[in-house]
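J.: This one is final-v9.pdb, PDB, C-alpha atoms.
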```pdb
ATOM      1  CA  MET A 644      12.670  -0.541  -8.871  1.00  0.00           C
ATOM      2  CA  ARG A 645       9.743  -2.909  -9.477  1.00  0.00           C
ATOM      3  CA  ILE A 646       6.510  -1.478  -8.105  1.00  0.00           C
ATOM      4  CA  ALA A 647       3.132  -3.244  -8.035  1.00  0.00           C
ATOM      5  CA  ILE A 648       0.153  -0.942  -8.111  1.00  0.00           C
ATOM      6  CA  GLY A 649      -3.534  -1.617  -7.614  1.00  0.00           C
ATOM      7  CA  SER A 650      -6.763   0.238  -7.004  1.00  0.00           C
ATOM      8  CA  ASP A 651     -10.424  -0.337  -6.508  1.00  0.00           C
ATOM      9  CA  HIS A 652     -13.001   1.515  -8.608  1.00  0.00           C
ATOM     10  CA  ARG A 653     -12.508   4.726  -6.594  1.00  0.00           C
ATOM     11  CA  GLY A 654      -8.817   4.855  -7.472  1.00  0.00           C
ATOM     12  CA  VAL A 655      -8.902   4.082 -11.201  1.00  0.00           C
ATOM     13  CA  ARG A 656      -8.086   7.628 -12.357  1.00  0.00           C
ATOM     14  CA  LEU A 657      -5.287   8.143  -9.843  1.00  0.00           C
ATOM     15  CA  ARG A 658      -3.881   4.656 -10.584  1.00  0.00           C
ATOM     16  CA  ALA A 659      -3.701   5.434 -14.314  1.00  0.00           C
ATOM     17  CA  THR A 660      -1.964   8.748 -13.575  1.00  0.00           C
ATOM     18  CA  LEU A 661       0.441   6.985 -11.241  1.00  0.00           C
ATOM     19  CA  VAL A 662       1.285   4.224 -13.735  1.00  0.00           C
ATOM     20  CA  GLU A 663       2.248   6.905 -16.264  1.00  0.00           C
ATOM     21  CA  LEU A 664       4.199   8.933 -13.687  1.00  0.00           C
ATOM     22  CA  LEU A 665       6.170   5.924 -12.437  1.00  0.00           C
ATOM     23  CA  GLY A 666       7.011   4.964 -16.014  1.00  0.00           C
ATOM     24  CA  GLN A 667       8.310   8.480 -16.679  1.00  0.00           C
ATOM     25  CA  MET A 668      10.452   8.161 -13.543  1.00  0.00           C
ATOM     26  CA  GLY A 669      12.026   4.991 -14.944  1.00  0.00           C
ATOM     27  CA  GLN A 670      10.305   2.579 -12.580  1.00  0.00           C
ATOM     28  CA  GLU A 671       9.047  -0.840 -13.678  1.00  0.00           C
ATOM     29  CA  VAL A 672       5.317  -0.973 -12.968  1.00  0.00           C
ATOM     30  CA  ILE A 673       3.281  -4.122 -12.405  1.00  0.00           C
ATOM     31  CA  ASP A 674      -0.313  -2.929 -12.866  1.00  0.00           C
ATOM     32  CA  SER A 675      -2.738  -5.106 -10.902  1.00  0.00           C
ATOM     33  CA  GLY A 676      -5.867  -3.106 -11.858  1.00  0.00           C
ATOM     34  CA  THR A 677      -8.740  -2.539 -11.568  1.00  0.00           C
ATOM     35  CA  HIS A 678      -9.298  -0.787 -14.869  1.00  0.00           C
ATOM     36  CA  SER A 679     -13.042  -0.275 -14.431  1.00  0.00           C
ATOM     37  CA  HIS A 680     -15.163   2.248 -12.562  1.00  0.00           C
ATOM     38  CA  THR A 681     -17.616  -0.566 -11.815  1.00  0.00           C
ATOM     39  CA  ASP A 682     -18.012  -1.192  -8.092  1.00  0.00           C
ATOM     40  CA  CYS A 683     -15.515  -3.782  -6.828  1.00  0.00           C
ATOM     41  CA  ASP A 684     -14.235  -4.977  -3.470  1.00  0.00           C
ATOM     42  CA  TYR A 685     -10.785  -3.675  -2.541  1.00  0.00           C
ATOM     43  CA  PRO A 686      -9.573  -6.688  -0.471  1.00  0.00           C
ATOM     44  CA  GLU A 687      -8.827  -8.858  -3.518  1.00  0.00           C
ATOM     45  CA  ILE A 688      -6.675  -6.213  -5.195  1.00  0.00           C
ATOM     46  CA  ALA A 689      -4.924  -5.248  -1.967  1.00  0.00           C
ATOM     47  CA  GLU A 690      -4.010  -8.888  -1.366  1.00  0.00           C
ATOM     48  CA  ILE A 691      -2.581  -9.312  -4.886  1.00  0.00           C
ATOM     49  CA  VAL A 692      -0.252  -6.327  -4.481  1.00  0.00           C
ATOM     50  CA  ALA A 693       0.673  -7.126  -0.862  1.00  0.00           C
ATOM     51  CA  ARG A 694       1.585 -10.727  -1.733  1.00  0.00           C
ATOM     52  CA  LYS A 695       3.857  -9.518  -4.552  1.00  0.00           C
ATOM     53  CA  VAL A 696       5.666  -7.349  -1.991  1.00  0.00           C
ATOM     54  CA  SER A 697       5.733 -10.104   0.642  1.00  0.00           C
ATOM     55  CA  THR A 698       7.248 -12.680  -1.717  1.00  0.00           C
ATOM     56  CA  GLY A 699       9.813 -10.259  -3.138  1.00  0.00           C
ATOM     57  CA  ASP A 700       8.340 -10.345  -6.650  1.00  0.00           C
ATOM     58  CA  VAL A 701       8.361  -6.543  -6.435  1.00  0.00           C
ATOM     59  CA  ASP A 702      10.310  -4.057  -4.337  1.00  0.00           C
ATOM     60  CA  ARG A 703       7.320  -1.979  -3.250  1.00  0.00           C
ATOM     61  CA  GLY A 704       3.594  -1.595  -3.743  1.00  0.00           C
ATOM     62  CA  ILE A 705       1.109   1.233  -4.039  1.00  0.00           C
ATOM     63  CA  LEU A 706      -2.604   0.796  -3.314  1.00  0.00           C
ATOM     64  CA  ILE A 707      -5.409   3.268  -3.980  1.00  0.00           C
ATOM     65  CA  CYS A 708      -8.995   3.273  -2.738  1.00  0.00           C
ATOM     66  CA  GLY A 709     -11.375   6.023  -1.661  1.00  0.00           C
ATOM     67  CA  SER A 710      -9.575   6.770   1.604  1.00  0.00           C
ATOM     68  CA  GLY A 711      -6.459   4.555   1.487  1.00  0.00           C
ATOM     69  CA  LEU A 712      -7.598   2.984   4.748  1.00  0.00           C
ATOM     70  CA  GLY A 713      -9.302  -0.194   3.549  1.00  0.00           C
ATOM     71  CA  MET A 714      -6.380  -1.131   1.309  1.00  0.00           C
ATOM     72  CA  CYS A 715      -4.019  -0.481   4.231  1.00  0.00           C
ATOM     73  CA  ILE A 716      -5.919  -2.806   6.555  1.00  0.00           C
ATOM     74  CA  VAL A 717      -5.818  -5.655   4.054  1.00  0.00           C
ATOM     75  CA  ALA A 718      -2.178  -5.168   3.060  1.00  0.00           C
ATOM     76  CA  ASN A 719      -1.033  -5.251   6.682  1.00  0.00           C
ATOM     77  CA  LYS A 720      -2.556  -8.723   7.082  1.00  0.00           C
ATOM     78  CA  VAL A 721       0.101 -10.115   4.715  1.00  0.00           C
ATOM     79  CA  PRO A 722       3.381 -11.101   6.441  1.00  0.00           C
ATOM     80  CA  GLY A 723       6.277  -8.746   5.813  1.00  0.00           C
ATOM     81  CA  VAL A 724       4.134  -5.900   4.549  1.00  0.00           C
ATOM     82  CA  ARG A 725       4.320  -2.497   6.168  1.00  0.00           C
ATOM     83  CA  ALA A 726       1.519  -0.391   4.702  1.00  0.00           C
ATOM     84  CA  ALA A 727       0.207   3.025   5.687  1.00  0.00           C
ATOM     85  CA  PRO A 728      -1.934   5.746   4.168  1.00  0.00           C
ATOM     86  CA  CYS A 729      -0.022   8.910   3.340  1.00  0.00           C
ATOM     87  CA  HIS A 730      -1.698  12.203   2.482  1.00  0.00           C
ATOM     88  CA  ASP A 731       1.180  14.683   2.225  1.00  0.00           C
ATOM     89  CA  GLU A 732       4.933  14.977   1.729  1.00  0.00           C
ATOM     90  CA  LEU A 733       5.759  14.643   5.429  1.00  0.00           C
ATOM     91  CA  THR A 734       3.879  11.375   5.937  1.00  0.00           C
ATOM     92  CA  ALA A 735       5.410   9.987   2.722  1.00  0.00           C
ATOM     93  CA  GLU A 736       8.913  10.873   3.934  1.00  0.00           C
ATOM     94  CA  MET A 737       8.500   9.649   7.503  1.00  0.00           C
ATOM     95  CA  SER A 738       6.867   6.413   6.360  1.00  0.00           C
ATOM     96  CA  ARG A 739      10.115   5.532   4.621  1.00  0.00           C
ATOM     97  CA  ARG A 740      12.610   7.118   7.028  1.00  0.00           C
ATOM     98  CA  HIS A 741      11.223   5.589  10.237  1.00  0.00           C
ATOM     99  CA  ASN A 742       9.016   2.689   9.129  1.00  0.00           C
ATOM    100  CA  ASP A 743      10.666   1.394   5.932  1.00  0.00           C
ATOM    101  CA  LEU A 744       7.174   1.417   4.417  1.00  0.00           C
ATOM    102  CA  ASN A 745       6.947  -1.007   1.511  1.00  0.00           C
ATOM    103  CA  VAL A 746       3.297  -0.408   0.563  1.00  0.00           C
ATOM    104  CA  LEU A 747       2.034   3.143   0.140  1.00  0.00           C
ATOM    105  CA  CYS A 748      -1.736   3.584   0.441  1.00  0.00           C
ATOM    106  CA  LEU A 749      -3.389   6.587  -1.192  1.00  0.00           C
ATOM    107  CA  ALA A 750      -6.839   8.174  -1.182  1.00  0.00           C
ATOM    108  CA  GLY A 751      -8.146   8.239  -4.730  1.00  0.00           C
ATOM    109  CA  GLY A 752     -10.478  11.148  -4.162  1.00  0.00           C
ATOM    110  CA  ILE A 753      -8.137  13.363  -2.148  1.00  0.00           C
ATOM    111  CA  VAL A 754      -4.656  13.406  -3.695  1.00  0.00           C
ATOM    112  CA  SER A 755      -4.123  15.938  -6.506  1.00  0.00           C
ATOM    113  CA  ASP A 756      -1.777  15.156  -9.393  1.00  0.00           C
ATOM    114  CA  ASP A 757       0.773  17.740  -8.198  1.00  0.00           C
ATOM    115  CA  LEU A 758       0.777  16.385  -4.656  1.00  0.00           C
ATOM    116  CA  LEU A 759       0.950  12.838  -6.013  1.00  0.00           C
ATOM    117  CA  HIS A 760       4.094  13.633  -7.989  1.00  0.00           C
ATOM    118  CA  ARG A 761       5.838  15.196  -4.971  1.00  0.00           C
ATOM    119  CA  MET A 762       4.809  12.379  -2.612  1.00  0.00           C
ATOM    120  CA  ILE A 763       5.916   9.611  -4.958  1.00  0.00           C
ATOM    121  CA  GLU A 764       9.255  11.268  -5.624  1.00  0.00           C
ATOM    122  CA  ILE A 765       9.866  11.612  -1.874  1.00  0.00           C
ATOM    123  CA  TRP A 766       8.648   8.076  -1.112  1.00  0.00           C
ATOM    124  CA  LEU A 767      10.907   6.535  -3.737  1.00  0.00           C
ATOM    125  CA  LYS A 768      14.027   8.516  -2.826  1.00  0.00           C
ATOM    126  CA  THR A 769      13.845   8.572   0.986  1.00  0.00           C
ATOM    127  CA  PRO A 770      16.074   5.927   2.584  1.00  0.00           C
ATOM    128  CA  PHE A 771      15.273   3.978   5.736  1.00  0.00           C
ATOM    129  CA  GLU A 772      17.296   5.379   8.657  1.00  0.00           C
ATOM    130  CA  GLY A 773      17.761   2.042  10.434  1.00  0.00           C
ATOM    131  CA  GLY A 774      19.171   2.314  13.968  1.00  0.00           C
ATOM    132  CA  ARG A 775      16.467   2.452  16.626  1.00  0.00           C
ATOM    133  CA  HIS A 776      13.851   2.204  13.882  1.00  0.00           C
ATOM    134  CA  ALA A 777      15.259  -1.148  12.708  1.00  0.00           C
ATOM    135  CA  ARG A 778      14.949  -2.467  16.256  1.00  0.00           C
ATOM    136  CA  ARG A 779      11.299  -1.443  16.302  1.00  0.00           C
ATOM    137  CA  LEU A 780      10.620  -3.103  12.960  1.00  0.00           C
ATOM    138  CA  GLN A 781      12.192  -6.299  14.299  1.00  0.00           C
ATOM    139  CA  LYS A 782       9.701  -6.176  17.182  1.00  0.00           C
ATOM    140  CA  ILE A 783       6.837  -5.735  14.727  1.00  0.00           C
ATOM    141  CA  ALA A 784       8.086  -8.744  12.735  1.00  0.00           C
ATOM    142  CA  HIS A 785       8.221 -10.746  15.965  1.00  0.00           C
ATOM    143  CA  PHE A 786       4.610  -9.817  16.812  1.00  0.00           C
ATOM    144  CA  GLU A 787       3.640 -10.730  13.266  1.00  0.00           C
ATOM    145  CA  CYS A 788       5.153 -14.216  13.619  1.00  0.00           C
ATOM    146  CA  ARG A 789       3.367 -14.770  16.917  1.00  0.00           C
ATOM    147  CA  SER A 790       0.044 -13.664  15.505  1.00  0.00           C
ATOM    148  CA  THR A 791       0.082 -16.387  12.837  1.00  0.00           C
ATOM    149  CA  ASP A 792      -0.712 -18.826  15.645  1.00  0.00           C
ATOM    150  CA  THR A 793      -4.168 -17.204  16.095  1.00  0.00           C
ATOM    151  CA  PRO A 794      -7.016 -19.481  14.953  1.00  0.00           C
ATOM    152  CA  THR A 795      -8.938 -18.117  11.966  1.00  0.00           C
ATOM    153  CA  ASP A 796     -12.269 -18.493  13.783  1.00  0.00           C
ATOM    154  CA  ALA A 797     -11.086 -15.803  16.224  1.00  0.00           C
ATOM    155  CA  VAL A 798     -11.713 -13.171  13.532  1.00  0.00           C
ATOM    156  CA  ALA A 799     -14.811 -11.126  14.312  1.00  0.00           C
ATOM    157  CA  GLU A 800     -17.637 -11.264  11.782  1.00  0.00           C
ATOM    158  CA  THR A 801     -19.649  -8.203  10.820  1.00  0.00           C
ATOM    159  CA  ASN A 802     -23.108  -7.740   9.422  1.00  0.00           C
ATOM    160  CA  GLU A 803     -21.933  -5.133   6.928  1.00  0.00           C
ATOM    161  CA  PRO A 804     -23.036  -5.631   3.325  1.00  0.00           C
ATOM    162  CA  ALA A 805     -20.382  -6.368   0.696  1.00  0.00           C
ATOM    163  CA  GLY A 806     -19.368  -3.569  -1.626  1.00  0.00           C
ATOM    164  CA  GLY A 807     -16.823  -0.843  -2.268  1.00  0.00           C
ATOM    165  CA  GLN A 808     -15.724   1.864   0.073  1.00  0.00           C
TER
END
```
Starting from the coordinates I provided, produce the structure as structure tokens.
T.:
Amino acid sequence: MRIAIGSDHRGVRLRATLVELLGQMGQEVIDSGTHSHTDCDYPEIAEIVARKVSTGDVDRGILICGSGLGMCIVANKVPGVRAAPCHDELTAEMSRRHNDLNVLCLAGGIVSDDLLHRMIEIWLKTPFEGGRHARRLQKIAHFECRSTDTPTDAVAETNEPAGGQ
């Protein structure tokens, strides 16, 4: 399986551990960085990985930031991406079984190496159940297609300063 992986500065250590782990599991890893602990903005890295998944350049993606939430928000803006933060074995399993998750989002400061290994193993091996879940994913894809008609100026602006999570 080809897996793109990316992190912001808060996920550098976990990303490096994950790159090694995936390699040991026989997976092909496309490392999209960052490789520095210097403050960076997660949206750019999340978009790189999500687009690789969306275009089929890779089979799945994994994104890491401080909470997993920011990366998830960005990744879900890319058509065809189904991203969610997972924090334990159950959420990793159900994300695949019911949602056919193709981008796993992790919290760099929360997930231990042991938990990471178990979650990744489960996430890679758990098949999508299909059935009623496939019908629901088709509805999500339909909503996604309709939402591309929304003008870009409809996006709310914030007064938040730029920076990492």
J.: Care to translate the PyMOL selection byres ((chain A and resi 720-733) around 6) into actual residues of this file, as a list in words?
T.: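 Listing what the PyMOL selection byres ((chain A and resi 720-733) around 6) selects in the shown file: Ser697, Gly711, Cys715, Val717, Ala718, Asn719, Thr734, Ala735, Glu736, Leu744, Asn745, Val746, Leu747, Cys748, Leu749 and Met762 of chain A.
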J.: I'd like to know which of A:His760, A:Arg778, A:His785, A:His652 is closest to A:Gly709, using all atoms listed in the file.
T.: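 The shortest atom-to-atom distance to A:Gly709 comes from A:His652.
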J.: Mind pulling up the distance from atom CA of A:Arg645 to atom CA of A:Asp682?
T.: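 We find that atom CA of A:Asp682 and atom CA of A:Arg645 lie 27.8 Å from each other.
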J.: Tell me which of A:Met737, A:Ile688, A:Val696, A:Leu712 sits closest to A:Lys768, counting all atoms listed in the file.
T.: A:Met737
J.: From the options A:Gln781, A:Ser650, A:Ser710, A:Ser738, which residue's atoms come nearest to A:Asp684, counting all atoms listed in the file?
T.: A:Ser650
J.: When you draw a straight line from atom CA of A:Leu758 to atom CA of A:Ile716, how long is it in Å?
T.: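 Between these atoms lies a distance of 23.2 Å.
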J.: For the contact check between stretch 680-791 of chain A and stretch 661-673 of chain A, emit one row per residue of stretch 680-791 of chain A within 9 Å, containing the shortest atom pair and the distance in Å rounded to one decimal, counting all atoms listed in the file, chain then rising number order, as a Markdown table.
T.:
```
| residue | atom | partner | partner_atom | distance |
| --- | --- | --- | --- | --- |
| A:Val692 | CA | A:Ile673 | CA | 9.0 |
| A:Val701 | CA | A:Ile673 | CA | 8.2 |
| A:Asp756 | CA | A:Leu661 | CA | 8.7 |
| A:Leu759 | CA | A:Leu661 | CA | 7.9 |
| A:His760 | CA | A:Leu664 | CA | 7.4 |
| A:Ile763 | CA | A:Leu665 | CA | 8.3 |
| A:Glu764 | CA | A:Met668 | CA | 8.6 |
```
J.: What does the structure give for the distance between atom CA of A:Ser675 and atom CA of A:Ala689, in Å to one decimal?
T.: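 Here the two named atoms are 9.2 Å from each other.
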J.: From the coordinates I just gave you, please extract stretch 705-738 of chain A so that only N, CA and C atoms remain, then output it as an mmCIF file, in the first residue's frame.
T.:
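And here is the file that came out, result.cif:
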```
data_model
loop_
_atom_site.group_PDB
_atom_site.id
_atom_site.type_symbol
_atom_site.label_atom_id
_atom_site.label_comp_id
_atom_site.auth_asym_id
_atom_site.auth_seq_id
_atom_site.Cartn_x
_atom_site.Cartn_y
_atom_site.Cartn_z
ATOM 1 N N ILE A 705 -1.865 9.779 6.137
ATOM 2 C CA ILE A 705 -1.848 9.958 7.589
ATOM 3 C C ILE A 705 -1.309 11.358 7.863
ATOM 4 N N LEU A 706 -2.033 12.107 8.687
ATOM 5 C CA LEU A 706 -1.664 13.478 9.031
ATOM 6 C C LEU A 706 -1.534 13.614 10.544
ATOM 7 N N ILE A 707 -0.529 14.374 10.981
ATOM 8 C CA ILE A 707 -0.278 14.538 12.405
ATOM 9 C C ILE A 707 -0.073 16.015 12.722
ATOM 10 N N CYS A 708 -0.834 16.502 13.693
ATOM 11 C CA CYS A 708 -0.615 17.839 14.246
ATOM 12 C C CYS A 708 -0.814 17.712 15.753
ATOM 13 N N GLY A 709 -0.899 18.814 16.452
ATOM 14 C CA GLY A 709 -1.016 18.751 17.906
ATOM 15 C C GLY A 709 -2.221 17.964 18.388
ATOM 16 N N SER A 710 -3.367 18.178 17.753
ATOM 17 C CA SER A 710 -4.600 17.510 18.174
ATOM 18 C C SER A 710 -5.156 16.547 17.126
ATOM 19 N N GLY A 711 -4.715 16.668 15.879
ATOM 20 C CA GLY A 711 -5.295 15.904 14.773
ATOM 21 C C GLY A 711 -6.489 16.615 14.159
ATOM 22 N N LEU A 712 -7.000 17.624 14.829
ATOM 23 C CA LEU A 712 -8.222 18.287 14.377
ATOM 24 C C LEU A 712 -7.995 19.249 13.217
ATOM 25 N N GLY A 713 -6.985 20.080 13.292
ATOM 26 C CA GLY A 713 -6.725 21.036 12.224
ATOM 27 C C GLY A 713 -6.446 20.340 10.906
ATOM 28 N N MET A 714 -5.591 19.323 10.945
ATOM 29 C CA MET A 714 -5.282 18.552 9.738
ATOM 30 C C MET A 714 -6.563 17.937 9.162
ATOM 31 N N CYS A 715 -7.418 17.437 10.032
ATOM 32 C CA CYS A 715 -8.671 16.811 9.613
ATOM 33 C C CYS A 715 -9.562 17.807 8.881
ATOM 34 N N ILE A 716 -9.685 19.000 9.410
ATOM 35 C CA ILE A 716 -10.524 20.020 8.783
ATOM 36 C C ILE A 716 -10.049 20.305 7.371
ATOM 37 N N VAL A 717 -8.746 20.513 7.215
ATOM 38 C CA VAL A 717 -8.192 20.811 5.898
ATOM 39 C C VAL A 717 -8.375 19.641 4.943
ATOM 40 N N ALA A 718 -8.025 18.453 5.373
ATOM 41 C CA ALA A 718 -8.096 17.276 4.496
ATOM 42 C C ALA A 718 -9.511 17.055 3.978
ATOM 43 N N ASN A 719 -10.507 17.286 4.808
ATOM 44 C CA ASN A 719 -11.889 17.066 4.392
ATOM 45 C C ASN A 719 -12.404 18.104 3.403
ATOM 46 N N LYS A 720 -11.629 19.137 3.143
ATOM 47 C CA LYS A 720 -11.994 20.123 2.117
ATOM 48 C C LYS A 720 -11.638 19.628 0.719
ATOM 49 N N VAL A 721 -10.827 18.586 0.624
ATOM 50 C CA VAL A 721 -10.375 18.059 -0.662
ATOM 51 C C VAL A 721 -11.348 16.967 -1.106
ATOM 52 N N PRO A 722 -11.888 17.073 -2.326
ATOM 53 C CA PRO A 722 -12.867 16.087 -2.809
ATOM 54 C C PRO A 722 -12.348 14.646 -2.729
ATOM 55 N N GLY A 723 -13.221 13.779 -2.250
ATOM 56 C CA GLY A 723 -12.900 12.355 -2.180
ATOM 57 C C GLY A 723 -12.160 11.932 -0.932
ATOM 58 N N VAL A 724 -11.811 12.878 -0.096
ATOM 59 C CA VAL A 724 -11.085 12.550 1.130
ATOM 60 C C VAL A 724 -12.080 12.379 2.270
ATOM 61 N N ARG A 725 -11.855 11.319 3.028
ATOM 62 C CA ARG A 725 -12.616 11.070 4.244
ATOM 63 C C ARG A 725 -11.592 10.974 5.371
ATOM 64 N N ALA A 726 -11.465 12.054 6.123
ATOM 65 C CA ALA A 726 -10.465 12.144 7.185
ATOM 66 C C ALA A 726 -11.146 12.267 8.535
ATOM 67 N N ALA A 727 -10.515 11.683 9.556
ATOM 68 C CA ALA A 727 -11.019 11.805 10.918
ATOM 69 C C ALA A 727 -9.871 11.600 11.895
ATOM 70 N N PRO A 728 -9.949 12.274 13.037
ATOM 71 C CA PRO A 728 -8.960 12.008 14.083
ATOM 72 C C PRO A 728 -9.328 10.734 14.826
ATOM 73 N N CYS A 729 -8.340 9.907 15.074
ATOM 74 C CA CYS A 729 -8.541 8.683 15.849
ATOM 75 C C CYS A 729 -7.570 8.716 17.015
ATOM 76 N N HIS A 730 -8.046 8.279 18.181
ATOM 77 C CA HIS A 730 -7.223 8.346 19.389
ATOM 78 C C HIS A 730 -7.091 7.010 20.100
ATOM 79 N N ASP A 731 -7.705 5.957 19.560
ATOM 80 C CA ASP A 731 -7.609 4.642 20.186
ATOM 81 C C ASP A 731 -7.916 3.570 19.149
ATOM 82 N N GLU A 732 -7.822 2.316 19.559
ATOM 83 C CA GLU A 732 -8.027 1.204 18.632
ATOM 84 C C GLU A 732 -9.446 1.164 18.074
ATOM 85 N N LEU A 733 -10.431 1.458 18.909
ATOM 86 C CA LEU A 733 -11.825 1.401 18.467
ATOM 87 C C LEU A 733 -12.113 2.436 17.381
ATOM 88 N N THR A 734 -11.679 3.677 17.575
ATOM 89 C CA THR A 734 -11.944 4.686 16.552
ATOM 90 C C THR A 734 -11.182 4.374 15.264
ATOM 91 N N ALA A 735 -9.986 3.804 15.377
ATOM 92 C CA ALA A 735 -9.230 3.410 14.182
ATOM 93 C C ALA A 735 -9.979 2.315 13.418
ATOM 94 N N GLU A 736 -10.494 1.342 14.141
ATOM 95 C CA GLU A 736 -11.230 0.239 13.498
ATOM 96 C C GLU A 736 -12.536 0.725 12.871
ATOM 97 N N MET A 737 -13.320 1.467 13.619
ATOM 98 C CA MET A 737 -14.622 1.898 13.111
ATOM 99 C C MET A 737 -14.483 2.900 11.967
ATOM 100 N N SER A 738 -13.412 3.677 11.972
ATOM 101 C CA SER A 738 -13.199 4.626 10.881
ATOM 102 C C SER A 738 -13.039 3.911 9.547
#
```
